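Remarks on the structure that follows.
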Amino acid sequence: MEKLDSYKVDLKGMSEGTVSYSWHVEDNFFSAVQGPEIQQGQLDVALRVKRMAGAYELVFQLEGTVKVLCDRCLDWMDCPISAEHVLRAKLGDEYADDGDLIIVPEDDGLLNVAWNIYEFAALEIPLRHVHAEGTCSQQMTDAIASLSSAGEEEKPVDPRWSALEKLRRKSEE
Ligand SMILES: [Zn+2]
């Protein structure tokens, strides 16, 4: 399993100015992060860290595709990811993250951004994600159709049989 150490950003060690990072993440990244929404995918991630007056601005850019299950046929589909997200960070006493600002413990000074990258990708997955019309897996669609129609298979009663049934009842009266 991939170690996520290579996603550590050295905030304390950088001087004023900008430092750039880039990563190419693949399936082993997603299995190491163990997030619920994405297990497979390929992303190019670029990060620009800017230090100004004791605070840090981190600009992430993500480009690529991740695999998710289609809501209609339940087969895998590619979900394109193209996103930019900004994080702010500061050095402080203890770790804290209010969603907007991350406080990174000063004695360590390192911020591991693996989970942030994962979250930014997961945010890009639309609530409803389906294959383009007509491109769903036929095999999966057939399997689902046969499952959902099982139990509704009662044929309408043949009118001749109901006529016979009436006769039979009459004769029994
Ligand atoms: Zn589908």
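FYI, nothing fancy with the structure tokens labels: chains A, B, ... in order, residues from 1 per chain, ligands from 1 as they appear.
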
When DSSP works through the backbone of this structure, what residues of region 46-153 of chain A end up as alpha helix (DSSP H), shown as a list in words?
Ala114, Trp115, Asn116, Ile117, Tyr118, Glu119, Phe120, Ala121, Ala122, Leu123, Gln138, Gln139, Met140, Thr141, Asp142, Ala143, Ile144, Ala145, Ser146, Leu147, Ser148 and Ser149 of chain A

Output C-alpha atoms of each residue in that selection to a file, as an mmCIF file, in the first residue's frame.
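Writing done, so here's selection10.cif:
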data_model
loop_
_atom_site.group_PDB
_atom_site.id
_atom_site.type_symbol
_atom_site.label_atom_id
_atom_site.label_comp_id
_atom_site.auth_asym_id
_atom_site.auth_seq_id
_atom_site.Cartn_x
_atom_site.Cartn_y
_atom_site.Cartn_z
ATOM 1 C CA ALA A 114 -3.473 13.617 1.000
ATOM 2 C CA TRP A 115 -6.922 13.752 2.618
ATOM 3 C CA ASN A 116 -7.535 17.266 1.254
ATOM 4 C CA ILE A 117 -6.779 16.051 -2.267
ATOM 5 C CA TYR A 118 -9.175 13.163 -1.755
ATOM 6 C CA GLU A 119 -11.932 15.418 -0.435
ATOM 7 C CA PHE A 120 -11.594 17.933 -3.254
ATOM 8 C CA ALA A 121 -11.966 15.097 -5.777
ATOM 9 C CA ALA A 122 -14.963 13.625 -3.933
ATOM 10 C CA LEU A 123 -16.661 17.041 -3.908
ATOM 11 C CA GLN A 138 -26.661 -3.769 -21.290
ATOM 12 C CA GLN A 139 -25.741 -6.789 -19.202
ATOM 13 C CA MET A 140 -26.289 -4.903 -15.934
ATOM 14 C CA THR A 141 -29.495 -3.266 -17.211
ATOM 15 C CA ASP A 142 -30.938 -6.671 -18.216
ATOM 16 C CA ALA A 143 -30.020 -8.170 -14.859
ATOM 17 C CA ILE A 144 -31.693 -5.310 -12.986
ATOM 18 C CA ALA A 145 -34.780 -5.465 -15.230
ATOM 19 C CA SER A 146 -35.228 -9.194 -14.648
ATOM 20 C CA LEU A 147 -34.856 -8.682 -10.899
ATOM 21 C CA SER A 148 -37.389 -5.873 -10.708
ATOM 22 C CA SER A 149 -39.955 -7.562 -12.997
#

How close does each residue of region 53-172 of chain A get to region 5-27 of chain A, giving the shortest atom pair and distance in Å to one decimal for every residue with an atom at most 7 Å away, counting only C-alpha atoms, sorted by chain and residue number, as CSV?
residue,atom,partner,partner_atom,distance
A:Gly109,CA,A:Lys12,CA,4.6
A:Leu110,CA,A:Asp10,CA,4.7
A:Leu111,CA,A:Val9,CA,5.1
A:Asn112,CA,A:Lys8,CA,4.1
A:Val113,CA,A:Tyr7,CA,5.5
A:Ala114,CA,A:Tyr7,CA,5.5

Selected residues written out with N, CA and C atoms, as a PDB file, in the first residue's frame:
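Output saved as part07.pdb:
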ATOM      1  N   GLY A 109       5.326  21.564  11.788  1.00  0.00           N
ATOM      2  CA  GLY A 109       5.383  22.463  10.638  1.00  0.00           C
ATOM      3  C   GLY A 109       5.055  21.817   9.310  1.00  0.00           C
ATOM      4  N   LEU A 110       4.610  20.526   9.359  1.00  0.00           N
ATOM      5  CA  LEU A 110       4.289  19.807   8.124  1.00  0.00           C
ATOM      6  C   LEU A 110       2.783  19.610   8.005  1.00  0.00           C
ATOM      7  N   LEU A 111       2.265  19.794   6.819  1.00  0.00           N
ATOM      8  CA  LEU A 111       0.846  19.546   6.566  1.00  0.00           C
ATOM      9  C   LEU A 111       0.733  18.444   5.517  1.00  0.00           C
ATOM     10  N   ASN A 112       0.077  17.350   5.893  1.00  0.00           N
ATOM     11  CA  ASN A 112      -0.145  16.282   4.923  1.00  0.00           C
ATOM     12  C   ASN A 112      -1.459  16.549   4.191  1.00  0.00           C
ATOM     13  N   VAL A 113      -1.377  16.741   2.877  1.00  0.00           N
ATOM     14  CA  VAL A 113      -2.550  17.165   2.116  1.00  0.00           C
ATOM     15  C   VAL A 113      -3.250  16.009   1.395  1.00  0.00           C
ATOM     16  N   ALA A 114      -2.875  14.759   1.706  1.00  0.00           N
ATOM     17  CA  ALA A 114      -3.473  13.617   1.000  1.00  0.00           C
ATOM     18  C   ALA A 114      -4.994  13.611   1.154  1.00  0.00           C
TER      19      ALA A 114
END

With only C-alpha atoms and all ligand atoms as the atoms that count, which of A:Cys136, A:Val33, A:Leu69, A:Val104 lies nearest to ligand 1?
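Result for the nearest residue to ligand 1: A:Cys136.
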
Could you tell me which of A:Asp108, A:Asp71, A:Asp93, A:Glu165 comes closest to ligand 1 if we count only C-alpha atoms and all ligand atoms?
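So, comparing all the options, the nearest one is A:Asp71.
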
Measuring atom to atom with only C-alpha atoms and all ligand atoms, identify which of A:His129, A:Lys170, A:His85, A:Arg72 is nearest to ligand 1.
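Using only C-alpha atoms and all ligand atoms, the shortest distance to ligand 1 belongs to A:Arg72.
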
Protein and nucleic acid residues within 6 Å of ligand 1 (only C-alpha atoms and all ligand atoms) as a VMD selection string
chain A and resid 70 72 to 73 75 130 to 131 136 to 137

Based on DSSP run over this structure's backbone, return all residues of region 12-70 of chain A in strand (DSSP E or B), as a VMD selection string.
chain A and resid 17 to 25 40 to 52 55 to 69

Got time to write the residues from that selection, C-alpha atoms, as a PDB file, in the first residue's frame?
ATOM      1  CA  GLY A  17       7.213  33.374  -1.762  1.00  0.00           C
ATOM      2  CA  THR A  18       5.695  30.460  -3.618  1.00  0.00           C
ATOM      3  CA  VAL A  19       6.528  26.762  -3.722  1.00  0.00           C
ATOM      4  CA  SER A  20       4.922  24.365  -6.214  1.00  0.00           C
ATOM      5  CA  TYR A  21       4.216  20.680  -5.799  1.00  0.00           C
ATOM      6  CA  SER A  22       2.762  18.178  -8.206  1.00  0.00           C
ATOM      7  CA  TRP A  23       1.571  14.600  -7.855  1.00  0.00           C
ATOM      8  CA  HIS A  24       0.047  11.999 -10.104  1.00  0.00           C
ATOM      9  CA  VAL A  25      -2.314   9.902  -8.014  1.00  0.00           C
ATOM     10  CA  GLN A  40     -10.141   4.127  -8.198  1.00  0.00           C
ATOM     11  CA  GLY A  41      -9.014   6.934 -10.411  1.00  0.00           C
ATOM     12  CA  GLN A  42      -6.205   8.925 -11.942  1.00  0.00           C
ATOM     13  CA  LEU A  43      -5.569  12.547 -11.154  1.00  0.00           C
ATOM     14  CA  ASP A  44      -2.899  15.100 -11.817  1.00  0.00           C
ATOM     15  CA  VAL A  45      -2.664  17.342  -8.799  1.00  0.00           C
ATOM     16  CA  ALA A  46      -0.832  20.649  -8.754  1.00  0.00           C
ATOM     17  CA  LEU A  47      -0.407  22.636  -5.557  1.00  0.00           C
ATOM     18  CA  ARG A  48       0.892  26.162  -5.227  1.00  0.00           C
ATOM     19  CA  VAL A  49       1.751  27.247  -1.694  1.00  0.00           C
ATOM     20  CA  LYS A  50       2.148  30.952  -1.071  1.00  0.00           C
ATOM     21  CA  ARG A  51       3.545  32.279   2.191  1.00  0.00           C
ATOM     22  CA  MET A  52       2.630  35.784   3.237  1.00  0.00           C
ATOM     23  CA  ALA A  55      -0.151  32.661   6.779  1.00  0.00           C
ATOM     24  CA  TYR A  56      -0.195  30.231   3.906  1.00  0.00           C
ATOM     25  CA  GLU A  57      -2.468  30.013   0.929  1.00  0.00           C
ATOM     26  CA  LEU A  58      -2.656  26.629  -0.772  1.00  0.00           C
ATOM     27  CA  VAL A  59      -4.185  26.464  -4.237  1.00  0.00           C
ATOM     28  CA  PHE A  60      -4.964  22.946  -5.464  1.00  0.00           C
ATOM     29  CA  GLN A  61      -5.703  22.043  -9.048  1.00  0.00           C
ATOM     30  CA  LEU A  62      -7.059  18.608  -9.883  1.00  0.00           C
ATOM     31  CA  GLU A  63      -7.471  17.159 -13.373  1.00  0.00           C
ATOM     32  CA  GLY A  64      -8.354  13.602 -14.302  1.00  0.00           C
ATOM     33  CA  THR A  65     -11.024  10.961 -13.852  1.00  0.00           C
ATOM     34  CA  VAL A  66     -12.244   8.814 -10.995  1.00  0.00           C
ATOM     35  CA  LYS A  67     -14.371   5.691 -11.156  1.00  0.00           C
ATOM     36  CA  VAL A  68     -17.809   5.678  -9.559  1.00  0.00           C
ATOM     37  CA  LEU A  69     -20.821   3.382  -9.854  1.00  0.00           C
TER      38      LEU A  69
END

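Straight-line separation from CA of Leu127 (chain A) to CA of Phe29 (chain A): 23.0 Å.
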
Env of Ile102 (chain A): 6 Å cut, atoms = only C-alpha atoms, seq-sep filter 2 positions within chain, self excluded. Answer as a list in words.
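So, after excluding close chain neighbours, the residues are Ala89, Ala96 and Asp97 of chain A.
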